[in-house]
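Input: a single structure, listed below in structure tokens.
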Amino acid sequence: MQALDDVRVLDLTHHIAGPYATRLLADLGADVIKVEKPGGDVARMLPPFKGGEPHPERSGLFFYLNCNKRSVVLDLREPAGKAALEALARRSHIVVESFAPGTLDRLGVGLDFFRRINPSLPVVSISNFGQTGPYRDYRLSELTLYGFAGEMYSMGLTEREPVKMAGTAALFESGAAASVAIMAALWAAKRFGIGQHVDISLAETHFGGVDRRHATAIAYQFSGRKTIRAAGGGAGMPQGIYPCADGYVEFTNASLRPDRVDDMLGHPDWNQQPQFQDPVKRLDPYVIEEWNTYFLTWCLERTKREVWAEARRAKVLCGPLFSMEDLFEDEHFRGRGFWARATHPELGDVEFPGRPFIMGKGGWELRRPAPLLGQHTEEVLREAGVDDTTIAQVCAAGGAR
Amino acid sequence: MSLKPLEGIRVIDLCVVWAGPFATMLLGDLGAEVIKPENPFVFQPMTRGAMARPPQILLERSIAWSGGLPRNEVGPRPWNYNPTFVSLYRNKKSFTVDLRRPEGKDILRRLVAISDVVYENNAVGTLEKLGITEEWLRETNPRLIIVRVPAYGLTGPYREARALGVHLEAVMGHTLLRGYDDADPSANTAIYSGDYMAGAQGAFAVMAALWYRDRTGEGQTIEIAQAENAAAMFTHAIMDYSMNRNVQSAIGNRDVHGRYPCGVYPAKSPGDATTMDDHWIAIHIENDAQWQQLVEAMGSPAWALDPRFATNEGRAAHFREIDAGIAEWTCERDDYEMMHLLQARGIAATPVLEASRMFDDPHLRARDFFKKQTVRDAGTHEYVGPLWKFEKTPVEFYQPPVCFGEHNEHVYRELLKVSDSEYEALKAGGHIAEEYDPSVP
């Protein structure tokens with residue numbers, strides 16, 4: 001048995017953050033019914049695509065976000081679509097949606113609709129800025145979310161523009177934050193019979209914590225100091241990103257343990273010079289620069305894996321900058337079973353990161369690859385007791401494959 | 001206080017740095033009783049600061065979020081108000097005990113016996129050295145949920161590698177995938193997004209394991225290898241390599257999904273970056289209609305009417321030229337004014353906010369986002385608010401960021417019911433304290 005295999009989620013989310021949150025539940029066995037509009041979730045048309053050409057069943061991003069879910073296509077503007085949604089809501093334990101605030105209300109399937117069906121049904125809404133406030137209707141995207149609410153201001157070089165994270169990392173972080181609220185709402189319903197609305201603002205998940213914003217904000221409150229945009233991450237020997245024989249390695253704040261760094265380097269004579277050993281002189285930018293000259297030579301004589309091996313041996317904080325090729329070939333992750341495999345009608349035999357974490361009992365399993373658009377419309381509606389006429393109408397309106 | 005989803009759940013927090021403390025903070029926000037055992041004789045690096053008693057010069061040389069203590073002074077008990085960590089210590093309890101000594105370990109054993117969850121993210125081997133093994137914990141409490149968050153996992157060649165978020169993200173590819181598209185990676189700033197990713201998923205995993213325990217009566221161990229967990233954030237690049245053997249690289253502020261323009265442009269600024277007074281606006285155009293809206297908002301300048309720019313394909317081919325044109329328009333305008341102007345036209349545009357400006361934002365004020373909290377020796381300040389708004393089980397900041405040893409009385413006397421004489425003996429042995437031992441630097 002899987003931990004959440006007694007939970008049914010009515011999933012009205014699309015794009016990235018919402019689907020990632022519900023995938024985490026699906027991974028642990030929840031029956032996540034993904035309701036898509038005719039034409040499908042916008043993420044179906046986001047790259048990367050197998051073979052490079054856009055195709056709604058060949059997006060690697062959509063695949064990753066929607067494994068273990070079932071897809072039902074409903075046109076919520078049509079009476080048959082609404083009737084089907086009602087039947088699904090009746091047997092669900094939670095509803096999660098990510099429409100722009102007010103959209104579901106306008107369609108007549110907002111909070112009141114679900115309350116009428118089941119007053120103790122939790123409804124989780126994920127939106128850009130939340131359901132209230134002056135920016136309620138404003139748009140966000142990866143760049144603008146991280147720029148406004150994340151720590152982007154302090155990322156990059158002082159003399160240049162701030163720069164974001166890779167891909168859609170900020171949206172994935174928000175999705176992870178949302179999964180916590182979904183699980184908490186399920187617990188409140190299970191323990192106390194509390195059905196409630198949960199208002200998740202993508203912006204607030206970032207303002208509220210993820211990646212240092214909590215720290216830069218309170219540092220200002222405490223001291224009036226603001227966090228400058230600068231490469232690296234402060235003073236230290238070594239500190240920051242250094243080139244090596246075949247790429248780059250990153251070190252942090254190892255000056256807290258100069259003994260370990262000396263061990264990593266093999267106790268060379270140059271490192272024993274008094275200015276490198278004195279705890280106050282070690283903070284001097286000129287001393288750091290001098291030390292870095294020696295250290296750079298040491299790095300350039302080694303590959304990134306060799307540098308890291310020495311750092312690991314001496315317990316020094318370090319990481320090599322891996323490319324995707326490095327990561328894919330890496331024996332540590334291969335050996336641990338990090339990579340999962342699925343067979344998908346359009347993607348073929350596909351390899352992807354499997355479990356988000358390992359549970360001793362009831363954890364991640366791949367039960368099915370990401371669904372084709374509307375693959376389960378008929379199956380799911382029949383399970384929910386929807387009559388043949390309504391099913392036929394739903395399918396005619398774009399619900400059937 | 002209103003009902004909380006996790007009330008009655010007790011969590012022992014043996015966490016360090018960010019990833020673990022963020023997870024237990026979320027559990028505390030949801031009503032769990034989170035208890036931190038802390039050692040007066042051991043200062044965990046980067047958990048309540050870099051050092052127990054840092055020299056003033058270290059604060060001054062440190063980046064603001066590390067060295068910006070109240071009034072820019074070390075103060076009497078700097079471990080209680082280090083800006084890097086203090087915000088993560090709300091809704092938790094702290095008591096002190098030296099786990100290296102048998103009587104200290106026995107105190108932990110008694111606490112484990114009456115708890116539901118033990119959460120730890122130390123370097124692999126750290127707890128084992130103290131004899132705090134999975135077997136010992138499970139023997140003490142078979143129903144326990146144990147969460148371990150090693151950097152690279154409990155097995156494999158990297159199991160003992162020391163890492164902060166920035167290092168394991170480098171290994172997972174993030175550092176080569178982010179940053180300017182025309183500079184080498186050493187222009188990148190250290191990043192810790194994976195800490196928060198793992199933190200959120202840890203809180204989620206605990207609740208899933210509690211769900212499983214509720215159904216079966218069985219506890220379990222959860223292993224969150226932080227590096228593996230971070231992988232989701234780089235799905236775009238991982239799947240591209242997996243499906244197409246295409247190795248992606250840094251694209252600066254461009255859209256990974258290929259919609260143009262997408263960038264950060266200079267705005268009218270009260271100063272420059274050296275005093276952190278430079279303002280920027282992030283603008284992302286997601287379709288042709290939004291491009292037309294932007295062109296109109298800019299007053300339809302001649303360069304923007306170029307028919308080549310009407311399609312995304314054309315904009316992609318000429319994005320640097322377009323970016324330069326947009327920057328010419330943005331550089332003399334206020335960032336917030338541009339946000340409102342462009343958002344009214346349905347365009348995702350926001351200022352790139354330096355953290356101090358959050359406190360002036362009308363939307364966050366309207367949603368009552370910030371929470372005032374008072375920490376001993378630090379005073380009263382506004383802290384960032386909770387991650388979500390629950391209608392009937394609201395997140396409340398019922399305990400301000402916890403001071404070292406603040407709950408000694410509560411934990412020893414009320415929870416563990418130690419006798420007066422035992423309490424005095426533990427106190428005499430240095431276990432019970434509100435300050436680090438003077439021998440700790």
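Each chain of the structure tokens is named A, B, ... in the order shown, its residues numbered from 1; ligands are numbered from 1 in display order.
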
Would you kindly return, as a ChimeraX atom specification, each protein, DNA or RNA residue with an atom no farther than 10 Å from any atom of Cys318 (chain A), considering only C-alpha atoms and excluding same-chain residues fewer than 2 positions away? /A:238-241,249-254,307-312,315-316,320-321 /B:161-164,166-168,170-171

Could you pull the residues within 7 Å of Tyr89 (chain B), counting only C-alpha atoms, minus those fewer than 3 positions along the same chain, as a ChimeraX atom specification? /B:25,86,92,401-402

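Note that CA of Ala349 (chain B) and CA of Ala289 (chain B) are 15.0 Å apart.
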
Run DSSP on the backbone of this structure and report the residues of region 74-191 of chain A it assigns to helix (DSSP H, G or I), as a count of residues only. 57

Using the chain letters and numbers from this document, which residues of region 130-296 of chain B does DSSP assign to strand (DSSP E or B), as a ChimeraX atom specification? /B:145-148,189,220-223,262-266,280-284
